[in-house]
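*Asks:* Hey, dropping final.txt in here, compact mmCIF, N, CA and C atoms:
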```
# COMPACT_ATOMS: atom_id res chain seq x y z
N MET A 181 -27.88 51.81 -26.46
CA MET A 181 -28.55 50.52 -26.55
C MET A 181 -27.51 49.40 -26.67
N MET A 182 -26.56 49.55 -27.57
CA MET A 182 -25.52 48.55 -27.82
C MET A 182 -24.71 48.28 -26.54
N ASN A 183 -24.42 49.32 -25.78
CA ASN A 183 -23.66 49.23 -24.55
C ASN A 183 -24.30 48.28 -23.54
N GLU A 184 -25.59 48.31 -23.44
CA GLU A 184 -26.34 47.49 -22.50
C GLU A 184 -26.13 46.01 -22.78
N SER A 185 -26.20 45.58 -24.04
CA SER A 185 -26.05 44.17 -24.37
C SER A 185 -24.60 43.71 -24.20
N ASN A 186 -23.64 44.61 -24.38
CA ASN A 186 -22.23 44.28 -24.11
C ASN A 186 -22.03 43.96 -22.65
N LYS A 187 -22.64 44.74 -21.78
CA LYS A 187 -22.55 44.52 -20.33
C LYS A 187 -23.16 43.16 -19.99
N ASP A 188 -24.29 42.86 -20.58
CA ASP A 188 -24.94 41.56 -20.36
C ASP A 188 -24.01 40.44 -20.80
N GLN A 189 -23.40 40.64 -21.96
CA GLN A 189 -22.48 39.63 -22.50
C GLN A 189 -21.31 39.40 -21.54
N GLU A 190 -20.70 40.48 -21.05
CA GLU A 190 -19.59 40.38 -20.10
C GLU A 190 -20.03 39.67 -18.82
N GLN A 191 -21.20 40.06 -18.33
CA GLN A 191 -21.76 39.47 -17.13
C GLN A 191 -21.90 37.96 -17.33
N HIS A 192 -22.41 37.60 -18.49
CA HIS A 192 -22.62 36.19 -18.85
C HIS A 192 -21.28 35.43 -18.87
N GLU A 193 -20.28 36.02 -19.50
CA GLU A 193 -18.95 35.40 -19.57
C GLU A 193 -18.35 35.23 -18.17
N LEU A 194 -18.48 36.25 -17.33
CA LEU A 194 -17.99 36.18 -15.96
C LEU A 194 -18.67 35.04 -15.21
N GLU A 195 -19.97 34.94 -15.37
CA GLU A 195 -20.75 33.90 -14.71
C GLU A 195 -20.25 32.52 -15.16
N LYS A 196 -20.00 32.37 -16.46
CA LYS A 196 -19.50 31.10 -17.00
C LYS A 196 -18.14 30.75 -16.38
N LEU A 197 -17.27 31.77 -16.28
CA LEU A 197 -15.96 31.55 -15.68
C LEU A 197 -16.09 31.13 -14.22
N ARG A 198 -16.96 31.80 -13.48
CA ARG A 198 -17.19 31.47 -12.08
C ARG A 198 -17.65 30.03 -11.93
N MET A 199 -18.61 29.64 -12.77
CA MET A 199 -19.15 28.28 -12.72
C MET A 199 -18.05 27.26 -13.01
N LYS A 200 -17.22 27.58 -14.02
CA LYS A 200 -16.14 26.68 -14.40
C LYS A 200 -15.17 26.50 -13.22
N LYS A 201 -14.84 27.60 -12.55
CA LYS A 201 -13.93 27.58 -11.42
C LYS A 201 -14.53 26.76 -10.26
N MET A 202 -15.81 26.99 -9.98
CA MET A 202 -16.50 26.24 -8.92
C MET A 202 -16.46 24.75 -9.23
N LYS A 203 -16.75 24.42 -10.48
CA LYS A 203 -16.77 23.02 -10.90
C LYS A 203 -15.39 22.39 -10.68
N ALA A 204 -14.33 23.11 -11.04
CA ALA A 204 -12.97 22.62 -10.87
C ALA A 204 -12.65 22.40 -9.38
N LEU A 205 -13.08 23.33 -8.53
CA LEU A 205 -12.86 23.20 -7.09
C LEU A 205 -13.58 21.97 -6.54
N ILE A 206 -14.82 21.78 -6.95
CA ILE A 206 -15.61 20.63 -6.49
C ILE A 206 -14.94 19.34 -6.94
N GLU A 207 -14.48 19.29 -8.19
CA GLU A 207 -13.78 18.11 -8.71
C GLU A 207 -12.53 17.81 -7.90
N ALA A 208 -11.75 18.85 -7.59
CA ALA A 208 -10.52 18.68 -6.81
C ALA A 208 -10.83 18.12 -5.42
N GLN A 209 -11.90 18.65 -4.80
CA GLN A 209 -12.32 18.17 -3.48
C GLN A 209 -12.71 16.70 -3.56
N LYS A 210 -13.45 16.34 -4.59
CA LYS A 210 -13.90 14.95 -4.77
C LYS A 210 -12.69 14.02 -4.91
N ARG A 211 -11.71 14.44 -5.71
CA ARG A 211 -10.51 13.63 -5.92
C ARG A 211 -9.75 13.44 -4.61
N GLN A 212 -9.62 14.52 -3.84
CA GLN A 212 -8.90 14.45 -2.56
C GLN A 212 -9.63 13.51 -1.61
N GLN A 213 -10.94 13.62 -1.56
CA GLN A 213 -11.74 12.77 -0.68
C GLN A 213 -11.60 11.31 -1.10
N ALA A 214 -11.63 11.06 -2.39
CA ALA A 214 -11.52 9.69 -2.90
C ALA A 214 -10.17 9.09 -2.50
N SER A 215 -9.10 9.87 -2.62
CA SER A 215 -7.78 9.32 -2.28
C SER A 215 -7.66 9.10 -0.77
N GLN A 216 -8.34 9.91 0.02
CA GLN A 216 -8.33 9.70 1.47
C GLN A 216 -9.10 8.45 1.82
N GLU A 217 -10.24 8.25 1.13
CA GLU A 217 -11.06 7.07 1.41
C GLU A 217 -10.34 5.78 1.03
N ARG A 218 -9.44 5.88 0.04
CA ARG A 218 -8.73 4.69 -0.41
C ARG A 218 -7.90 4.06 0.70
N VAL A 219 -7.26 4.87 1.51
CA VAL A 219 -6.48 4.32 2.62
C VAL A 219 -7.02 4.84 3.94
N ILE A 220 -8.29 4.59 4.18
CA ILE A 220 -8.93 5.15 5.37
C ILE A 220 -8.72 4.28 6.61
N SER A 221 -9.05 3.00 6.51
CA SER A 221 -8.97 2.18 7.72
C SER A 221 -7.53 1.70 7.94
N ILE A 222 -7.20 1.49 9.19
CA ILE A 222 -5.84 1.05 9.55
C ILE A 222 -5.51 -0.25 8.82
N ASN A 223 -6.51 -1.12 8.69
CA ASN A 223 -6.30 -2.39 8.01
C ASN A 223 -5.95 -2.17 6.54
N ASP A 224 -6.68 -1.27 5.88
CA ASP A 224 -6.39 -0.95 4.48
C ASP A 224 -4.97 -0.41 4.35
N LYS A 225 -4.59 0.41 5.31
CA LYS A 225 -3.24 1.00 5.27
C LYS A 225 -2.18 -0.09 5.40
N ILE A 226 -2.42 -1.04 6.31
CA ILE A 226 -1.46 -2.12 6.51
C ILE A 226 -1.37 -2.99 5.25
N ILE A 227 -2.53 -3.31 4.68
CA ILE A 227 -2.55 -4.10 3.45
C ILE A 227 -1.79 -3.35 2.35
N TYR A 228 -1.98 -2.05 2.28
CA TYR A 228 -1.29 -1.22 1.30
C TYR A 228 0.23 -1.34 1.47
N VAL A 229 0.68 -1.25 2.73
CA VAL A 229 2.12 -1.35 3.01
C VAL A 229 2.62 -2.76 2.67
N LEU A 230 1.86 -3.80 3.08
CA LEU A 230 2.27 -5.17 2.76
C LEU A 230 2.38 -5.37 1.25
N ARG A 231 1.42 -4.83 0.51
CA ARG A 231 1.44 -4.96 -0.95
C ARG A 231 2.71 -4.34 -1.53
N VAL A 232 3.20 -3.27 -0.88
CA VAL A 232 4.41 -2.60 -1.36
C VAL A 232 5.68 -3.36 -0.96
N VAL A 233 5.73 -3.85 0.30
CA VAL A 233 6.97 -4.45 0.79
C VAL A 233 7.14 -5.92 0.41
N LEU A 234 6.04 -6.59 0.07
CA LEU A 234 6.14 -7.99 -0.34
C LEU A 234 6.28 -8.09 -1.85
N ALA A 235 7.07 -9.06 -2.29
CA ALA A 235 7.12 -9.34 -3.72
C ALA A 235 5.70 -9.76 -4.13
N PRO A 236 5.30 -9.49 -5.39
CA PRO A 236 3.92 -9.81 -5.81
C PRO A 236 3.50 -11.25 -5.52
N ASP A 237 4.39 -12.23 -5.78
CA ASP A 237 4.02 -13.63 -5.53
C ASP A 237 3.89 -13.89 -4.02
N ALA A 238 4.71 -13.20 -3.23
CA ALA A 238 4.63 -13.35 -1.77
C ALA A 238 3.31 -12.78 -1.26
N PHE A 239 2.90 -11.64 -1.83
CA PHE A 239 1.65 -11.01 -1.41
C PHE A 239 0.46 -11.90 -1.76
N SER A 240 0.44 -12.45 -2.97
CA SER A 240 -0.71 -13.27 -3.35
C SER A 240 -0.73 -14.58 -2.56
N TYR A 241 0.45 -15.11 -2.22
CA TYR A 241 0.53 -16.32 -1.39
C TYR A 241 -0.06 -16.03 0.00
N LEU A 242 0.31 -14.88 0.54
CA LEU A 242 -0.19 -14.47 1.85
C LEU A 242 -1.71 -14.29 1.81
N GLU A 243 -2.22 -13.72 0.73
CA GLU A 243 -3.67 -13.55 0.57
C GLU A 243 -4.38 -14.90 0.55
N LYS A 244 -3.74 -15.87 -0.11
CA LYS A 244 -4.31 -17.23 -0.17
C LYS A 244 -4.40 -17.82 1.24
N ILE A 245 -3.33 -17.65 2.02
CA ILE A 245 -3.32 -18.14 3.41
C ILE A 245 -4.42 -17.44 4.20
N ARG A 246 -4.58 -16.14 3.95
CA ARG A 246 -5.60 -15.37 4.68
C ARG A 246 -6.99 -15.97 4.44
N THR A 247 -7.24 -16.37 3.20
CA THR A 247 -8.54 -16.95 2.85
C THR A 247 -8.70 -18.35 3.43
N ASN A 248 -7.66 -19.18 3.27
CA ASN A 248 -7.77 -20.60 3.63
C ASN A 248 -7.45 -20.91 5.09
N GLU A 249 -6.52 -20.17 5.67
CA GLU A 249 -6.09 -20.46 7.05
C GLU A 249 -5.92 -19.17 7.85
N PRO A 250 -7.06 -18.58 8.25
CA PRO A 250 -7.01 -17.29 8.94
C PRO A 250 -6.10 -17.26 10.17
N MET A 251 -6.04 -18.36 10.91
CA MET A 251 -5.20 -18.39 12.12
C MET A 251 -3.72 -18.31 11.76
N VAL A 252 -3.33 -19.06 10.74
CA VAL A 252 -1.94 -19.05 10.28
C VAL A 252 -1.62 -17.65 9.73
N TYR A 253 -2.57 -17.10 8.98
CA TYR A 253 -2.39 -15.76 8.42
C TYR A 253 -2.13 -14.76 9.56
N GLN A 254 -2.96 -14.84 10.60
CA GLN A 254 -2.84 -13.90 11.72
C GLN A 254 -1.45 -14.00 12.36
N ALA A 255 -0.97 -15.23 12.50
CA ALA A 255 0.35 -15.44 13.10
C ALA A 255 1.46 -14.86 12.20
N ILE A 256 1.36 -15.10 10.90
CA ILE A 256 2.35 -14.55 9.96
C ILE A 256 2.27 -13.02 9.99
N PHE A 257 1.03 -12.53 9.96
CA PHE A 257 0.78 -11.09 10.00
C PHE A 257 1.46 -10.47 11.23
N ASN A 258 1.31 -11.13 12.40
CA ASN A 258 1.91 -10.63 13.63
C ASN A 258 3.43 -10.62 13.56
N GLU A 259 4.00 -11.57 12.81
CA GLU A 259 5.46 -11.60 12.63
C GLU A 259 5.91 -10.44 11.73
N LEU A 260 5.10 -10.18 10.69
CA LEU A 260 5.46 -9.15 9.71
C LEU A 260 5.16 -7.75 10.21
N VAL A 261 4.03 -7.61 10.89
CA VAL A 261 3.56 -6.29 11.29
C VAL A 261 3.62 -6.13 12.80
N SER A 262 4.65 -5.45 13.27
CA SER A 262 4.79 -5.23 14.71
C SER A 262 3.87 -4.08 15.15
N PRO A 263 3.59 -3.99 16.45
CA PRO A 263 2.79 -2.85 16.93
C PRO A 263 3.43 -1.52 16.54
N ASP A 264 4.75 -1.53 16.47
CA ASP A 264 5.52 -0.37 16.04
C ASP A 264 5.12 0.08 14.64
N VAL A 265 4.99 -0.90 13.74
CA VAL A 265 4.60 -0.63 12.36
C VAL A 265 3.20 0.00 12.35
N ILE A 266 2.29 -0.60 13.14
CA ILE A 266 0.92 -0.11 13.17
C ILE A 266 0.85 1.33 13.68
N SER A 267 1.61 1.63 14.74
CA SER A 267 1.53 2.98 15.28
C SER A 267 2.20 4.02 14.36
N ASN A 268 3.08 3.57 13.48
CA ASN A 268 3.75 4.51 12.56
C ASN A 268 3.30 4.35 11.11
N ILE A 269 2.12 3.74 10.92
CA ILE A 269 1.68 3.38 9.57
C ILE A 269 1.60 4.59 8.63
N ASP A 270 1.10 5.73 9.12
CA ASP A 270 0.97 6.90 8.25
C ASP A 270 2.35 7.41 7.81
N TYR A 271 3.29 7.36 8.74
CA TYR A 271 4.67 7.76 8.45
C TYR A 271 5.27 6.84 7.39
N LEU A 272 5.06 5.53 7.58
CA LEU A 272 5.58 4.55 6.62
C LEU A 272 5.00 4.79 5.22
N ILE A 273 3.69 5.02 5.16
CA ILE A 273 3.04 5.26 3.87
C ILE A 273 3.62 6.52 3.23
N ALA A 274 3.86 7.55 4.04
CA ALA A 274 4.44 8.80 3.52
C ALA A 274 5.82 8.54 2.91
N ILE A 275 6.64 7.75 3.60
CA ILE A 275 7.99 7.42 3.11
C ILE A 275 7.90 6.62 1.81
N ILE A 276 7.04 5.59 1.81
CA ILE A 276 6.86 4.75 0.62
C ILE A 276 6.45 5.62 -0.57
N ASN A 277 5.49 6.50 -0.35
CA ASN A 277 5.01 7.35 -1.44
C ASN A 277 6.09 8.32 -1.91
N ARG A 278 6.87 8.85 -0.96
CA ARG A 278 7.93 9.79 -1.34
C ARG A 278 9.02 9.09 -2.14
N GLN A 279 9.36 7.87 -1.72
CA GLN A 279 10.43 7.12 -2.41
C GLN A 279 9.92 6.36 -3.62
N GLY A 280 8.60 6.25 -3.72
CA GLY A 280 8.02 5.49 -4.82
C GLY A 280 8.21 3.99 -4.65
N GLY A 281 8.22 3.51 -3.41
CA GLY A 281 8.36 2.07 -3.16
C GLY A 281 9.42 1.78 -2.12
N VAL A 282 9.89 0.54 -2.12
CA VAL A 282 10.94 0.13 -1.19
C VAL A 282 12.10 -0.46 -1.97
N PRO A 283 13.33 -0.34 -1.44
CA PRO A 283 14.50 -0.83 -2.18
C PRO A 283 14.51 -2.35 -2.35
N ARG A 284 14.08 -3.10 -1.30
CA ARG A 284 14.11 -4.56 -1.40
C ARG A 284 12.79 -5.14 -0.95
N LYS A 285 12.21 -5.98 -1.77
CA LYS A 285 10.92 -6.58 -1.40
C LYS A 285 11.15 -7.90 -0.67
N ILE A 286 10.22 -8.22 0.23
CA ILE A 286 10.28 -9.49 0.96
C ILE A 286 9.89 -10.61 0.00
N PRO A 287 10.76 -11.62 -0.17
CA PRO A 287 10.48 -12.67 -1.15
C PRO A 287 9.46 -13.70 -0.66
N LEU A 288 8.90 -14.43 -1.58
CA LEU A 288 7.95 -15.50 -1.29
C LEU A 288 8.53 -16.48 -0.27
N ASP A 289 9.83 -16.80 -0.42
CA ASP A 289 10.51 -17.73 0.49
C ASP A 289 10.31 -17.35 1.95
N ALA A 290 10.33 -16.05 2.23
CA ALA A 290 10.21 -15.59 3.61
C ALA A 290 8.82 -15.91 4.16
N ILE A 291 7.80 -15.75 3.33
CA ILE A 291 6.42 -16.05 3.76
C ILE A 291 6.27 -17.55 4.00
N ILE A 292 6.82 -18.34 3.09
CA ILE A 292 6.76 -19.80 3.24
C ILE A 292 7.50 -20.22 4.52
N TYR A 293 8.64 -19.58 4.76
CA TYR A 293 9.41 -19.86 5.97
C TYR A 293 8.59 -19.59 7.22
N LEU A 294 7.94 -18.42 7.27
CA LEU A 294 7.11 -18.07 8.43
C LEU A 294 5.94 -19.04 8.57
N GLU A 295 5.35 -19.40 7.45
CA GLU A 295 4.22 -20.34 7.47
C GLU A 295 4.66 -21.67 8.06
N ARG A 296 5.80 -22.17 7.61
CA ARG A 296 6.30 -23.46 8.10
C ARG A 296 6.68 -23.38 9.57
N LYS A 297 7.29 -22.26 9.96
CA LYS A 297 7.68 -22.06 11.36
C LYS A 297 6.43 -22.11 12.24
N ILE A 298 5.39 -21.40 11.82
CA ILE A 298 4.14 -21.33 12.59
C ILE A 298 3.47 -22.69 12.66
N LYS A 299 3.49 -23.42 11.54
CA LYS A 299 2.86 -24.74 11.51
C LYS A 299 3.75 -25.81 12.14
N GLY A 300 4.98 -25.42 12.49
CA GLY A 300 5.90 -26.35 13.13
C GLY A 300 6.48 -27.37 12.16
N ILE A 301 6.55 -26.98 10.89
CA ILE A 301 7.13 -27.89 9.89
C ILE A 301 8.65 -27.69 9.93
N LYS A 302 9.35 -28.79 10.19
CA LYS A 302 10.81 -28.70 10.22
C LYS A 302 11.35 -28.88 8.81
N GLY A 303 12.62 -28.68 8.69
CA GLY A 303 13.23 -28.79 7.37
C GLY A 303 13.62 -27.40 6.95
N LYS A 304 14.73 -27.31 6.31
CA LYS A 304 15.25 -26.00 5.97
C LYS A 304 14.90 -25.62 4.56
N ILE A 305 14.69 -24.35 4.39
CA ILE A 305 14.50 -23.81 3.04
C ILE A 305 15.83 -23.17 2.69
N GLN A 306 16.34 -23.58 1.56
CA GLN A 306 17.62 -23.02 1.13
C GLN A 306 17.38 -21.83 0.21
N ILE A 307 18.20 -20.83 0.39
CA ILE A 307 18.13 -19.65 -0.47
C ILE A 307 19.47 -19.49 -1.16
N LYS A 308 19.40 -19.22 -2.45
CA LYS A 308 20.63 -18.98 -3.19
C LYS A 308 20.91 -17.48 -3.11
N LYS A 309 22.02 -17.12 -2.50
CA LYS A 309 22.38 -15.70 -2.39
C LYS A 309 22.91 -15.21 -3.73
N SER A 310 23.03 -13.89 -3.83
CA SER A 310 23.47 -13.29 -5.09
C SER A 310 24.86 -13.78 -5.52
N ASP A 311 25.69 -14.18 -4.55
CA ASP A 311 27.02 -14.68 -4.90
C ASP A 311 27.01 -16.18 -5.22
N GLY A 312 25.79 -16.76 -5.28
CA GLY A 312 25.67 -18.17 -5.64
C GLY A 312 25.74 -19.12 -4.46
N GLU A 313 26.10 -18.61 -3.28
CA GLU A 313 26.21 -19.43 -2.08
C GLU A 313 24.81 -19.76 -1.55
N MET A 314 24.65 -20.98 -1.03
CA MET A 314 23.35 -21.38 -0.48
C MET A 314 23.38 -21.15 1.03
N MET A 315 22.25 -20.72 1.56
CA MET A 315 22.13 -20.62 3.01
C MET A 315 20.67 -20.81 3.37
N ASP A 316 20.43 -21.25 4.64
CA ASP A 316 19.03 -21.47 4.98
C ASP A 316 18.36 -20.12 5.29
N LEU A 317 17.04 -20.10 5.11
CA LEU A 317 16.29 -18.85 5.20
C LEU A 317 16.39 -18.20 6.57
N GLY A 318 16.42 -19.00 7.62
CA GLY A 318 16.54 -18.46 8.98
C GLY A 318 17.74 -17.55 9.10
N SER A 319 18.88 -18.03 8.60
CA SER A 319 20.10 -17.23 8.66
C SER A 319 19.98 -16.01 7.76
N TYR A 320 19.37 -16.21 6.60
CA TYR A 320 19.20 -15.14 5.63
C TYR A 320 18.39 -14.00 6.24
N LEU A 321 17.30 -14.36 6.93
CA LEU A 321 16.41 -13.35 7.50
C LEU A 321 17.00 -12.65 8.70
N THR A 322 17.84 -13.36 9.46
CA THR A 322 18.39 -12.74 10.66
C THR A 322 19.63 -11.91 10.36
N LYS A 323 20.12 -12.00 9.12
CA LYS A 323 21.29 -11.20 8.74
C LYS A 323 20.92 -9.75 8.55
```
Go ahead and express the file in the form of structure tokens.

*Replies:*
Amino acid sequence: MMNESNKDQEQHELEKLRMKKMKALIEAQKRQQASQERVISINDKIIYVLRVVLAPDAFSYLEKIRTNEPMVYQAIFNELVSPDVISNIDYLIAIINRQGGVPRKIPLDAIIYLERKIKGIKGKIQIKKSDGEMMDLGSYLTK
């Protein structure tokens, strides 16, 4: 008689373990799906890359332009994001994730420079280099 209830008990424990394992598998699948959905569209992927390569103030400035002046934003976007970047976006994201970021972020000055260039505003933006020397942004960017 005692033996029968022990078997039931074992069966019950096994069932609990199975359920726990199933639940863990389902959770893992959900997490994987969620992370895939996070960077699903090409546009989201590009925004993700821009967020990584631009300094935070440069990114928020660009977002402001996107809201207020979509045409200017598109032109700046085209300068920053070449067709090459778009076709290799998954590769770029993989590198960024592996390295945990990028060594040098694009500064706010660069975005302002592109904005002014697109709007046809003349006048130079001076950048102070690490050695204290001043140079205009055009030269800085082409170096």

*Asks:* Would you work out the distance separating atom CA of Ser240 of chain A from atom CA of Ile291 of chain A, expressed in Å to one decimal?

*Replies:*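 So the answer is 10.4 Å.
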
*Asks:* Using only C-alpha atoms, find the one residue out of A:Glu190, A:Ile301, A:Ile226, A:Leu234 that sits nearest to Ser262 of chain A.

*Replies:*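 Checking each of A:Glu190, A:Ile301, A:Ile226, A:Leu234 against Ser262 of chain A, counting only C-alpha atoms, the winner is A:Ile226.
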
*Asks:* Looking only at the backbone, which of the residues in segment 260-303 of chain A does DSSP tag as helix (DSSP H, G or I), as JSON, numbers by chain?

*Replies:* {"A": [260, 263, 264, 265, 266, 267, 269, 270, 271, 272, 273, 274, 275, 276, 277, 278, 279, 288, 289, 290, 291, 292, 293, 294, 295, 296, 297, 298, 299]}

*Asks:* Choose the residue, out of A:Ile292, A:Asp311, A:Tyr271, A:Ile222, that has the smallest atom-to-atom separation from Leu242 of chain A; count all atoms listed in the file.

*Replies:*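 Looking at the shortest contact to Leu242 of chain A, the residue is A:Ile292.
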
*Asks:* Filtering to N, CA and C atoms, could segment 270-281 of chain A of the supplied structure be written out as a CSV table (one decimal), in the first residue's frame?

*Replies:*
```
chain,number,residue,atom,x,y,z
A,270,ASP,N,23.0,45.0,-40.0
A,270,ASP,CA,23.1,43.9,-39.0
A,270,ASP,C,24.5,43.7,-38.6
A,271,TYR,N,25.4,43.7,-39.5
A,271,TYR,CA,26.9,43.6,-39.2
A,271,TYR,C,27.3,44.6,-38.3
A,272,LEU,N,27.0,45.9,-38.6
A,272,LEU,CA,27.4,47.0,-37.7
A,272,LEU,C,26.8,46.8,-36.3
A,273,ILE,N,25.6,46.4,-36.2
A,273,ILE,CA,25.0,46.2,-34.8
A,273,ILE,C,25.7,45.1,-34.1
A,274,ALA,N,26.1,44.0,-34.8
A,274,ALA,CA,26.8,42.9,-34.2
A,274,ALA,C,28.2,43.4,-33.7
A,275,ILE,N,28.9,44.2,-34.5
A,275,ILE,CA,30.2,44.8,-34.0
A,275,ILE,C,30.0,45.7,-32.8
A,276,ILE,N,29.0,46.6,-32.9
A,276,ILE,CA,28.7,47.5,-31.7
A,276,ILE,C,28.4,46.7,-30.5
A,277,ASN,N,27.6,45.7,-30.6
A,277,ASN,CA,27.3,44.9,-29.4
A,277,ASN,C,28.5,44.1,-28.9
A,278,ARG,N,29.3,43.6,-29.8
A,278,ARG,CA,30.5,42.8,-29.4
A,278,ARG,C,31.5,43.7,-28.7
A,279,GLN,N,31.6,44.9,-29.2
A,279,GLN,CA,32.6,45.9,-28.6
A,279,GLN,C,32.0,46.7,-27.5
A,280,GLY,N,30.7,46.6,-27.3
A,280,GLY,CA,30.0,47.4,-26.3
A,280,GLY,C,30.0,48.9,-26.6
A,281,GLY,N,30.0,49.2,-27.9
A,281,GLY,CA,29.9,50.7,-28.2
A,281,GLY,C,30.9,51.0,-29.3
```
